[in-house]
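> Here you go, one structure.
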Amino acid sequence: MTLKPTALVAALLLAPTLVLAQAQPVIGIITKTETNPFFVKMKEGAAEAAKAAGAKLLTGAGKTDGDNAGQVTAMENMIAAGARTLLITPSDSKAIVPSIQKARAKGVLVIALDSPTSPESATDALFATDNYKAGVLIGQYAKAALGGRAPKIVTLDLFPGHPVGAQRHNGFLKGFGLNTLPATANDLATDPAVVCMADSFGDQAKGQTAMENCLQKAGEVNVVYTINEPAAAGAFNALKKAGKDKGVIIVSVDGGCQGVKHVGDGVIAATSQQYPLKMAAMGVQAGVEYARTGKKPSGYTDTGVTLIAAKPMSGVDSKDVKTGTELCWGKK
Amino acid sequence: MKDKLPPLGTLGPFIALLAACAFFATQSDNFLSGGNFSLILQQVMVVGVIAIGQTLIILTAGIDLSCGMVMALGGIVMTKFATELGLPPALAVLCGVGVTTLFGLVNGLLVTRFKLPPFIVTLGTLNIAFAITQLYSNSQTVTDLPPLMTALGNTFSLGGTEIAYGAVLMLLLYGLAFFVLRETAAGRHVYAVGNNAEATRLVGIPTQRVLLGVYVVAGFFYGIAALLSVSRTGVGDPNAGQTENLDAITAVVLGGTSLFGGRGIIIGTLVGALIVGVFRNGLTLMGVSSIYQVLVTGILVILAVTLDQLSRKGAR
């Protein structure tokens, strides 16, 4: 495509007026997938906040978790559609960085939601759960709930190399007072009390398979750490089928409505609840603020995490199932 | 003559499975037990039943990419019909199996009537089934199922080993498929169509009807797999089945069935599925990351296809 010089000049002259004339802020939100309930809720939170602030919201996602190209395409399309703020949950924390740099060079505000880019400074700001702390809370709870018994722990992790999986796992060990690694580590720490570690991919069926194999390996187990609540449900299924569910403490992270219900049913002992709606709403508000005043947020904002447990343990702060249900995400 | 000495392509999968079992038996004290083998059977029953349908299609030199998504849709239909519409569980399951069979029919009609390549047809229906599953379920897991619906996930005790009814069903289905493919005219026609469709047509076998039948029957098997998946996990999961198409093709290829059609035995597919299950289980027992199972699967797939190619050249 070639542009005549006159047309170029006209475009340059018109460009600032076009930006000024854009009364309604346009904000894009790009999630990892369209279908994961966590991201569905995140988009709902963004839509509500956008409606309240009179902003226009564009949504997009990758096809599957890990689909970087799909997210890049969505970003490009949104910028072309006039978005001045992009909220993104990076599927691939490194691969997305060059595209984010391009967008920021055009003056677009980019905020990472839920998970950081690598390096974290690639985006203007990060609004996310402190996943290490989420792990610490359930680690402390599991230790208190176990009382004096010797721990025999199974960890059903995400998959190798994912920072969120490492942070929750290592945080859990930290809370339990076992060998661990710091929040910045990307590897899973091990301890003799952990009798089996397996990848669940955050999926119920795969979590069940992993737990069955761990029971086969370890025989007796009294604490199960799970990366999220679907994996916890899978672990419970496996324990129940093996007739070993009694006295086993399952802890998890997420605080989805189904998960909180499982806390009420006694399937999960405690879960660290996170707040996707809040992340998205804060992102939209920041985008509106940027459109109105040109002020950009910066750095990391912790969107909070709350321990939800049916049976409170002394020395560990937790909220009951009723509170968890009020604050949960997903179908109540 | 040919029947006396099975070629390496046929024996290969069995040897690989035995070698893997022998290896893990030396690495873990917990591997060699009835309970553990029963567990592995349970863990492969969903992909195992899908792979029966996939084998039938691959024997005709076709391929089905839609199988996992069609299964997920079947699972969502049966669980939602039972919980939200309040249908009796048996009827709801029938509806779910009906939907997957209907998808098989659509695949088959597009392949036979419009002469479209199976790869493209099933790529299309994969996406359609996925979208309908997500839209109909609103991407939400279906819970609180009637107990009858998950009965196949229950176990019975045989000599102290707990065996899932679903795993037995899978073995019975393999037995049935083995018998039909080997002993009936319809079964031999499936091989004939895969070997040389034109020659088969010229001797008066209705090749189009055989092909259509294969896709419909495969769809029916996906419905059974949907029921097994629901009974195993106890929920209707809209995100089920996302990797089952490639997992099933992997099982078929590991089992020694030729992707060029016309050659292969159905029991090989079961062995192929078991090889993947044994590695996943064995590596966990050893405390090794499951990513090595993926690595080994990749290597075995290449080996299996190489063996097939070599034996085809040898046959010429």
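Lettering and numbering for the structure tokens are positional, with chains as A, B, ... in the shown order, residues counted from 1 in each chain, and ligands counted from 1 in the shown order.
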Return as a PyMOL selection string the residues belonging to chain B that are within 10 Å of chain A, counting only C-alpha atoms.

chain B and resi 28-31+33+35-36+39-40+42-44+131+134-135+138-141+143+153-155+162+164+229-230+232-235+237-240+242+277+280-291

> Using DSSP on the backbone, list every residue of range 22-81 of chain A that comes out as helix (DSSP H, G or I), and give them as a ChimeraX atom specification.

/A:37-53,68-80

> Could the residues in this selection be written to a file with N, CA, C and O atoms, as a compact mmCIF listing (two decimals), in the first residue's frame?


```txt
# COMPACT_ATOMS: atom_id res chain seq x y z
N PRO A 37 -14.33 -21.04 33.15
CA PRO A 37 -15.26 -20.22 33.96
C PRO A 37 -14.57 -19.04 34.65
O PRO A 37 -15.19 -17.98 34.82
N PHE A 38 -13.32 -19.21 35.04
CA PHE A 38 -12.58 -18.13 35.69
C PHE A 38 -12.51 -16.91 34.77
O PHE A 38 -12.75 -15.79 35.18
N PHE A 39 -12.21 -17.16 33.50
CA PHE A 39 -12.08 -16.06 32.55
C PHE A 39 -13.44 -15.55 32.09
O PHE A 39 -13.60 -14.37 31.77
N VAL A 40 -14.42 -16.46 32.05
CA VAL A 40 -15.78 -16.02 31.73
C VAL A 40 -16.23 -14.99 32.77
O VAL A 40 -16.77 -13.94 32.46
N LYS A 41 -15.93 -15.30 34.05
CA LYS A 41 -16.29 -14.38 35.13
C LYS A 41 -15.52 -13.08 35.02
O LYS A 41 -16.03 -11.99 35.28
N MET A 42 -14.26 -13.20 34.66
CA MET A 42 -13.42 -12.02 34.53
C MET A 42 -14.02 -11.07 33.49
O MET A 42 -14.10 -9.86 33.69
N LYS A 43 -14.46 -11.64 32.38
CA LYS A 43 -15.06 -10.83 31.32
C LYS A 43 -16.36 -10.20 31.79
O LYS A 43 -16.65 -9.05 31.47
N GLU A 44 -17.13 -10.95 32.58
CA GLU A 44 -18.38 -10.40 33.12
C GLU A 44 -18.09 -9.20 34.02
O GLU A 44 -18.78 -8.18 33.95
N GLY A 45 -17.05 -9.35 34.85
CA GLY A 45 -16.67 -8.26 35.74
C GLY A 45 -16.27 -7.03 34.94
O GLY A 45 -16.63 -5.90 35.27
N ALA A 46 -15.53 -7.26 33.86
CA ALA A 46 -15.09 -6.15 33.01
C ALA A 46 -16.29 -5.50 32.33
O ALA A 46 -16.38 -4.27 32.24
N ALA A 47 -17.24 -6.32 31.87
CA ALA A 47 -18.41 -5.79 31.17
C ALA A 47 -19.24 -4.92 32.11
O ALA A 47 -19.70 -3.83 31.72
N GLU A 48 -19.43 -5.37 33.35
CA GLU A 48 -20.20 -4.59 34.32
C GLU A 48 -19.53 -3.25 34.59
O GLU A 48 -20.18 -2.19 34.57
N ALA A 49 -18.21 -3.31 34.83
CA ALA A 49 -17.47 -2.08 35.14
C ALA A 49 -17.49 -1.13 33.96
O ALA A 49 -17.61 0.09 34.13
N ALA A 50 -17.39 -1.68 32.74
CA ALA A 50 -17.38 -0.84 31.54
C ALA A 50 -18.73 -0.16 31.37
O ALA A 50 -18.82 1.03 31.04
N LYS A 51 -19.79 -0.90 31.64
CA LYS A 51 -21.14 -0.35 31.51
C LYS A 51 -21.32 0.80 32.50
O LYS A 51 -21.83 1.87 32.16
N ALA A 52 -20.88 0.55 33.72
CA ALA A 52 -21.03 1.56 34.77
C ALA A 52 -20.25 2.83 34.44
O ALA A 52 -20.70 3.94 34.75
N ALA A 53 -19.09 2.68 33.79
CA ALA A 53 -18.25 3.84 33.51
C ALA A 53 -18.51 4.42 32.13
O ALA A 53 -17.87 5.40 31.73
N ASN A 68 -0.47 -18.24 22.12
CA ASN A 68 0.05 -16.88 22.11
C ASN A 68 -0.38 -16.14 20.84
O ASN A 68 -0.79 -14.98 20.89
N ALA A 69 -0.30 -16.82 19.70
CA ALA A 69 -0.61 -16.17 18.42
C ALA A 69 -2.04 -15.62 18.43
O ALA A 69 -2.30 -14.52 17.94
N GLY A 70 -2.95 -16.38 19.01
CA GLY A 70 -4.34 -15.94 19.07
C GLY A 70 -4.48 -14.66 19.89
O GLY A 70 -5.27 -13.77 19.56
N GLN A 71 -3.71 -14.57 20.97
CA GLN A 71 -3.76 -13.36 21.81
C GLN A 71 -3.17 -12.16 21.08
O GLN A 71 -3.68 -11.04 21.19
N VAL A 72 -2.08 -12.40 20.33
CA VAL A 72 -1.46 -11.30 19.58
C VAL A 72 -2.44 -10.76 18.54
O VAL A 72 -2.63 -9.55 18.41
N THR A 73 -3.09 -11.67 17.83
CA THR A 73 -4.08 -11.27 16.83
C THR A 73 -5.17 -10.42 17.48
O THR A 73 -5.56 -9.37 16.96
N ALA A 74 -5.66 -10.88 18.63
CA ALA A 74 -6.72 -10.14 19.32
C ALA A 74 -6.23 -8.74 19.71
O ALA A 74 -6.96 -7.75 19.55
N MET A 75 -4.99 -8.65 20.19
CA MET A 75 -4.43 -7.34 20.57
C MET A 75 -4.40 -6.41 19.37
O MET A 75 -4.84 -5.25 19.44
N GLU A 76 -3.87 -6.90 18.25
CA GLU A 76 -3.76 -6.08 17.04
C GLU A 76 -5.13 -5.59 16.59
O GLU A 76 -5.31 -4.41 16.26
N ASN A 77 -6.09 -6.50 16.59
CA ASN A 77 -7.44 -6.12 16.15
C ASN A 77 -8.04 -5.06 17.07
O ASN A 77 -8.73 -4.15 16.62
N MET A 78 -7.80 -5.19 18.36
CA MET A 78 -8.38 -4.24 19.31
C MET A 78 -7.75 -2.86 19.16
O MET A 78 -8.45 -1.84 19.24
N ILE A 79 -6.42 -2.84 18.94
CA ILE A 79 -5.76 -1.54 18.74
C ILE A 79 -6.30 -0.90 17.46
O ILE A 79 -6.59 0.29 17.42
N ALA A 80 -6.48 -1.73 16.43
CA ALA A 80 -7.05 -1.22 15.17
C ALA A 80 -8.45 -0.69 15.40
O ALA A 80 -8.88 0.26 14.74
```

> Find the distance between CA of Leu310 in chain B and CA of Asp247 in chain B and write it in Å to one decimal.

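One can read the CA of Leu310 in chain B to CA of Asp247 in chain B distance as 23.8 Å.
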
> Kindly indicate which residue among A:Glu326, A:Asp92, A:Asp157, A:Asp302 lies nearest to Asp130 in chain A, using only C-alpha atoms for the distances.

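Closest to Asp130 in chain A of all the choices is A:Asp302.
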
> Which is closest to Gly256 in chain B among B:Leu148, B:Val168, B:Leu300, B:Leu158, if we use only C-alpha atoms?

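Nearest to Gly256 in chain B: B:Leu300.
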
> Using only C-alpha atoms, determine which residues lie at most 9 Å from range 52-64 of chain B, disregarding the query and same-chain residues fewer than 6 positions distant; provide the list as a CSV table (one decimal) with N, CA and C atoms, in the first residue's frame.


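The resulting file, around.csv, is shown below:
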```csv
chain,number,residue,atom,x,y,z
B,107,ASN,N,-20.8,-36.9,9.7
B,107,ASN,CA,-19.5,-37.1,9.2
B,107,ASN,C,-19.5,-38.1,8.0
B,117,PRO,N,-12.8,-35.0,1.9
B,117,PRO,CA,-11.8,-35.7,2.7
B,117,PRO,C,-12.2,-35.8,4.2
B,118,PRO,N,-12.1,-37.0,4.8
B,118,PRO,CA,-12.5,-37.1,6.2
B,118,PRO,C,-11.7,-36.2,7.1
B,119,PHE,N,-10.5,-35.9,6.8
B,119,PHE,CA,-9.7,-34.9,7.6
B,119,PHE,C,-10.4,-33.6,7.8
B,121,VAL,N,-13.6,-32.8,6.8
B,121,VAL,CA,-15.0,-33.0,7.4
B,121,VAL,C,-15.0,-33.0,8.9
B,122,THR,N,-14.1,-33.8,9.5
B,122,THR,CA,-14.1,-34.0,10.9
B,122,THR,C,-13.4,-32.8,11.6
B,123,LEU,N,-12.6,-32.1,10.9
B,123,LEU,CA,-12.0,-30.8,11.4
B,123,LEU,C,-13.2,-29.9,11.6
B,126,LEU,N,-15.5,-31.2,14.4
B,126,LEU,CA,-14.8,-30.9,15.7
B,126,LEU,C,-15.1,-29.6,16.3
B,173,LEU,N,-16.4,-54.6,24.7
B,173,LEU,CA,-16.6,-53.9,23.4
B,173,LEU,C,-15.4,-54.2,22.5
B,174,TYR,N,-14.2,-54.3,23.0
B,174,TYR,CA,-13.1,-54.8,22.2
B,174,TYR,C,-13.3,-56.2,21.7
B,177,ALA,N,-15.8,-56.0,18.9
B,177,ALA,CA,-15.3,-55.4,17.7
B,177,ALA,C,-14.3,-56.4,17.0
B,181,LEU,N,-15.0,-57.7,13.2
B,181,LEU,CA,-14.1,-57.4,12.2
B,181,LEU,C,-13.5,-58.7,11.6
B,190,VAL,N,-14.9,-53.8,5.8
B,190,VAL,CA,-14.2,-52.7,6.3
B,190,VAL,C,-12.8,-52.7,5.8
B,191,TYR,N,-12.2,-53.9,6.0
B,191,TYR,CA,-10.8,-54.0,5.6
B,191,TYR,C,-10.6,-53.8,4.1
B,192,ALA,N,-11.6,-54.4,3.3
B,192,ALA,CA,-11.5,-54.4,1.9
B,192,ALA,C,-11.6,-53.0,1.4
B,193,VAL,N,-12.5,-52.2,1.9
B,193,VAL,CA,-12.7,-50.8,1.5
B,193,VAL,C,-11.4,-50.0,1.8
B,194,GLY,N,-10.7,-50.3,2.9
B,194,GLY,CA,-9.5,-49.6,3.2
B,194,GLY,C,-8.3,-50.0,2.3
B,195,ASN,N,-8.3,-51.3,1.9
B,195,ASN,CA,-7.3,-51.8,1.0
B,195,ASN,C,-7.3,-51.2,-0.4
B,197,ALA,N,-10.6,-49.4,-2.4
B,197,ALA,CA,-12.0,-49.1,-2.5
B,197,ALA,C,-12.6,-49.4,-3.8
B,211,LEU,N,-18.7,-47.5,4.3
B,211,LEU,CA,-18.1,-46.3,4.9
B,211,LEU,C,-19.1,-45.5,5.8
B,214,VAL,N,-19.5,-47.3,9.0
B,214,VAL,CA,-18.3,-47.2,9.9
B,214,VAL,C,-18.4,-45.9,10.7
B,215,TYR,N,-18.7,-44.8,10.0
B,215,TYR,CA,-18.8,-43.5,10.8
B,215,TYR,C,-19.9,-43.5,11.8
B,217,VAL,N,-21.3,-46.1,13.3
B,217,VAL,CA,-20.9,-47.0,14.5
B,217,VAL,C,-19.8,-46.3,15.3
B,218,ALA,N,-18.9,-45.6,14.7
B,218,ALA,CA,-17.9,-44.8,15.5
B,218,ALA,C,-18.6,-43.8,16.4
B,219,GLY,N,-19.5,-43.1,15.8
B,219,GLY,CA,-20.3,-42.1,16.6
B,219,GLY,C,-21.0,-42.8,17.8
B,220,PHE,N,-21.5,-44.0,17.6
B,220,PHE,CA,-22.1,-44.7,18.7
B,220,PHE,C,-21.1,-45.0,19.8
B,221,PHE,N,-19.9,-45.4,19.4
B,221,PHE,CA,-18.9,-45.7,20.4
B,221,PHE,C,-18.5,-44.4,21.2
B,222,TYR,N,-18.5,-43.3,20.5
B,222,TYR,CA,-18.1,-42.0,21.2
B,222,TYR,C,-19.2,-41.8,22.3
B,245,ASN,N,-8.9,-36.8,20.6
B,245,ASN,CA,-8.7,-37.2,19.2
B,245,ASN,C,-7.3,-37.6,18.9
B,248,ALA,N,-6.5,-40.8,20.9
B,248,ALA,CA,-7.0,-42.0,20.2
B,248,ALA,C,-6.2,-42.4,19.0
B,249,ILE,N,-5.9,-41.4,18.2
B,249,ILE,CA,-5.1,-41.7,17.0
B,249,ILE,C,-3.8,-42.3,17.4
B,251,ALA,N,-3.2,-44.1,20.1
B,251,ALA,CA,-3.4,-45.5,20.5
B,251,ALA,C,-3.5,-46.4,19.3
B,252,VAL,N,-4.2,-45.9,18.3
B,252,VAL,CA,-4.4,-46.7,17.0
B,252,VAL,C,-3.1,-47.0,16.4
B,253,VAL,N,-2.3,-45.9,16.2
B,253,VAL,CA,-1.0,-46.0,15.5
B,253,VAL,C,0.0,-46.9,16.3
B,257,THR,N,-2.0,-50.3,13.6
B,257,THR,CA,-2.9,-50.2,12.5
B,257,THR,C,-2.3,-49.1,11.6
B,258,SER,N,-2.4,-49.5,10.3
B,258,SER,CA,-1.8,-48.6,9.3
B,258,SER,C,-2.7,-47.4,9.0
B,259,LEU,N,-2.1,-46.2,9.0
B,259,LEU,CA,-2.9,-45.0,8.6
B,259,LEU,C,-3.3,-45.0,7.2
B,260,PHE,N,-2.7,-45.9,6.4
B,260,PHE,CA,-3.1,-45.9,4.9
B,260,PHE,C,-4.3,-46.9,4.7
B,261,GLY,N,-4.8,-47.5,5.8
B,261,GLY,CA,-6.0,-48.2,5.7
B,261,GLY,C,-5.8,-49.7,5.4
B,262,GLY,N,-6.8,-50.5,5.7
B,262,GLY,CA,-6.8,-51.9,5.3
B,262,GLY,C,-6.0,-52.9,6.1
B,263,ARG,N,-5.1,-52.4,7.0
B,263,ARG,CA,-4.3,-53.3,7.8
B,263,ARG,C,-4.3,-52.9,9.3
B,264,GLY,N,-4.4,-53.9,10.2
B,264,GLY,CA,-4.3,-53.7,11.6
B,264,GLY,C,-5.3,-54.5,12.3
B,265,ILE,N,-5.0,-54.8,13.6
B,265,ILE,CA,-6.0,-55.5,14.4
B,265,ILE,C,-6.5,-54.7,15.6
B,266,ILE,N,-7.7,-54.8,15.9
B,266,ILE,CA,-8.4,-54.0,16.9
B,266,ILE,C,-7.7,-54.1,18.3
B,269,THR,N,-5.0,-51.8,19.2
B,269,THR,CA,-5.4,-50.4,19.6
B,269,THR,C,-5.5,-50.4,21.2
B,270,LEU,N,-6.1,-51.5,21.7
B,270,LEU,CA,-6.2,-51.5,23.2
B,270,LEU,C,-4.8,-51.6,23.8
```

> Run DSSP on the backbone and grab whatever in range 73-278 of chain A lands in strand (DSSP E); send it over as a short mmCIF file (atom, residue, chain, number, x, y, z; two decimals) with N, CA, C and O atoms, in the first residue's frame.


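And here is the file that came out, states.cif:
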```cif
data_model
loop_
_atom_site.label_atom_id
_atom_site.label_comp_id
_atom_site.auth_asym_id
_atom_site.auth_seq_id
_atom_site.Cartn_x
_atom_site.Cartn_y
_atom_site.Cartn_z
N THR A 85 -6.62 1.04 25.97
CA THR A 85 -6.20 0.25 27.13
C THR A 85 -6.44 -1.22 26.82
O THR A 85 -7.50 -1.58 26.32
N LEU A 86 -5.43 -2.03 27.09
CA LEU A 86 -5.59 -3.48 26.91
C LEU A 86 -5.36 -4.17 28.24
O LEU A 86 -4.37 -3.92 28.93
N LEU A 87 -6.30 -5.04 28.61
CA LEU A 87 -6.16 -5.88 29.81
C LEU A 87 -5.91 -7.29 29.31
O LEU A 87 -6.66 -7.80 28.50
N ILE A 88 -4.84 -7.90 29.76
CA ILE A 88 -4.50 -9.21 29.21
C ILE A 88 -4.06 -10.19 30.29
O ILE A 88 -3.33 -9.83 31.21
N LEU A 109 -2.14 1.74 26.97
CA LEU A 109 -1.91 1.28 28.35
C LEU A 109 -2.15 -0.23 28.40
O LEU A 109 -3.21 -0.70 27.98
N VAL A 110 -1.15 -1.00 28.86
CA VAL A 110 -1.31 -2.46 28.93
C VAL A 110 -1.21 -2.91 30.40
O VAL A 110 -0.23 -2.63 31.07
N ILE A 111 -2.24 -3.59 30.85
CA ILE A 111 -2.27 -4.09 32.23
C ILE A 111 -2.42 -5.61 32.19
O ILE A 111 -3.30 -6.13 31.50
N ALA A 112 -1.53 -6.30 32.88
CA ALA A 112 -1.66 -7.75 32.99
C ALA A 112 -2.62 -8.09 34.13
O ALA A 112 -2.53 -7.50 35.21
N LEU A 113 -3.54 -9.00 33.88
CA LEU A 113 -4.47 -9.46 34.91
C LEU A 113 -4.14 -10.91 35.25
O LEU A 113 -3.79 -11.68 34.35
N ALA A 125 1.22 -2.26 34.40
CA ALA A 125 0.82 -2.64 35.76
C ALA A 125 0.35 -4.08 35.77
O ALA A 125 0.06 -4.67 34.71
N LEU A 126 0.29 -4.67 36.96
CA LEU A 126 -0.20 -6.04 37.14
C LEU A 126 -1.24 -6.05 38.26
O LEU A 126 -0.96 -5.61 39.38
N PHE A 127 -2.44 -6.52 37.95
CA PHE A 127 -3.47 -6.70 38.98
C PHE A 127 -3.68 -8.20 39.12
O PHE A 127 -4.21 -8.83 38.21
N ALA A 128 -3.27 -8.77 40.22
CA ALA A 128 -3.33 -10.23 40.32
C ALA A 128 -3.38 -10.71 41.77
O ALA A 128 -3.08 -9.97 42.70
N ILE A 153 2.09 -36.05 52.40
CA ILE A 153 1.46 -35.08 51.50
C ILE A 153 1.57 -35.48 50.04
O ILE A 153 2.62 -35.95 49.59
N VAL A 154 0.44 -35.32 49.33
CA VAL A 154 0.45 -35.43 47.87
C VAL A 154 0.23 -34.04 47.30
O VAL A 154 -0.63 -33.31 47.78
N THR A 155 1.02 -33.63 46.31
CA THR A 155 0.75 -32.36 45.64
C THR A 155 0.33 -32.65 44.20
O THR A 155 1.03 -33.35 43.47
N LEU A 156 -0.86 -32.15 43.83
CA LEU A 156 -1.34 -32.25 42.45
C LEU A 156 -1.11 -30.88 41.83
O LEU A 156 -1.88 -29.94 42.05
N ASP A 157 -0.03 -30.76 41.07
CA ASP A 157 0.41 -29.47 40.56
C ASP A 157 -0.19 -29.17 39.19
O ASP A 157 -0.96 -29.96 38.65
N VAL A 194 6.54 -34.85 51.47
CA VAL A 194 5.75 -34.93 50.24
C VAL A 194 6.02 -36.29 49.61
O VAL A 194 7.10 -36.54 49.08
N VAL A 195 5.02 -37.18 49.70
CA VAL A 195 5.25 -38.56 49.27
C VAL A 195 5.01 -38.75 47.78
O VAL A 195 5.47 -39.74 47.21
N CYS A 196 4.30 -37.81 47.16
CA CYS A 196 4.08 -37.94 45.71
C CYS A 196 3.75 -36.57 45.12
O CYS A 196 2.98 -35.81 45.70
N MET A 197 4.38 -36.26 43.98
CA MET A 197 4.06 -35.04 43.25
C MET A 197 3.64 -35.43 41.84
O MET A 197 4.34 -36.21 41.20
N ALA A 198 2.51 -34.90 41.36
CA ALA A 198 2.06 -35.26 40.00
C ALA A 198 1.40 -34.06 39.36
O ALA A 198 0.90 -33.16 40.05
N ASP A 199 1.38 -34.03 38.04
CA ASP A 199 0.76 -32.92 37.31
C ASP A 199 -0.71 -33.21 37.04
O ASP A 199 -1.05 -34.29 36.56
N VAL A 223 -2.67 -35.50 53.60
CA VAL A 223 -2.89 -34.14 53.11
C VAL A 223 -2.73 -34.15 51.59
O VAL A 223 -1.80 -34.74 51.06
N VAL A 224 -3.70 -33.52 50.89
CA VAL A 224 -3.58 -33.37 49.45
C VAL A 224 -3.66 -31.89 49.11
O VAL A 224 -4.66 -31.23 49.39
N TYR A 225 -2.58 -31.38 48.54
CA TYR A 225 -2.58 -30.01 48.02
C TYR A 225 -2.97 -30.09 46.54
O TYR A 225 -2.44 -30.93 45.81
N THR A 226 -3.90 -29.24 46.11
CA THR A 226 -4.29 -29.24 44.69
C THR A 226 -4.18 -27.84 44.12
O THR A 226 -4.44 -26.86 44.81
N ILE A 249 -7.04 -34.44 54.40
CA ILE A 249 -7.30 -33.00 54.29
C ILE A 249 -6.94 -32.56 52.88
O ILE A 249 -5.77 -32.61 52.48
N ILE A 250 -7.96 -32.15 52.10
CA ILE A 250 -7.70 -31.64 50.75
C ILE A 250 -7.76 -30.11 50.80
O ILE A 250 -8.74 -29.54 51.28
N VAL A 251 -6.71 -29.46 50.33
CA VAL A 251 -6.74 -28.00 50.25
C VAL A 251 -6.51 -27.57 48.81
O VAL A 251 -5.92 -28.31 48.02
N SER A 252 -7.01 -26.37 48.47
CA SER A 252 -6.99 -25.95 47.08
C SER A 252 -6.92 -24.43 46.97
O SER A 252 -6.87 -23.74 47.99
N VAL A 253 -6.92 -23.97 45.74
CA VAL A 253 -6.90 -22.53 45.47
C VAL A 253 -7.91 -22.23 44.38
O VAL A 253 -8.04 -23.02 43.44
N ASP A 254 -8.62 -21.14 44.50
CA ASP A 254 -9.53 -20.58 43.47
C ASP A 254 -10.72 -19.85 44.10
O ASP A 254 -10.90 -18.69 43.86
N ALA A 270 -10.20 -26.62 52.89
CA ALA A 270 -10.03 -25.17 52.81
C ALA A 270 -9.53 -24.78 51.44
O ALA A 270 -8.84 -25.55 50.77
N THR A 271 -9.93 -23.57 51.01
CA THR A 271 -9.48 -23.08 49.71
C THR A 271 -9.12 -21.60 49.83
O THR A 271 -9.73 -20.87 50.61
N SER A 272 -8.11 -21.18 49.07
CA SER A 272 -7.76 -19.76 49.02
C SER A 272 -8.54 -19.12 47.88
O SER A 272 -8.34 -19.46 46.72
N GLN A 273 -9.43 -18.19 48.25
CA GLN A 273 -10.31 -17.62 47.24
C GLN A 273 -9.69 -16.40 46.58
O GLN A 273 -9.19 -15.50 47.26
#
```
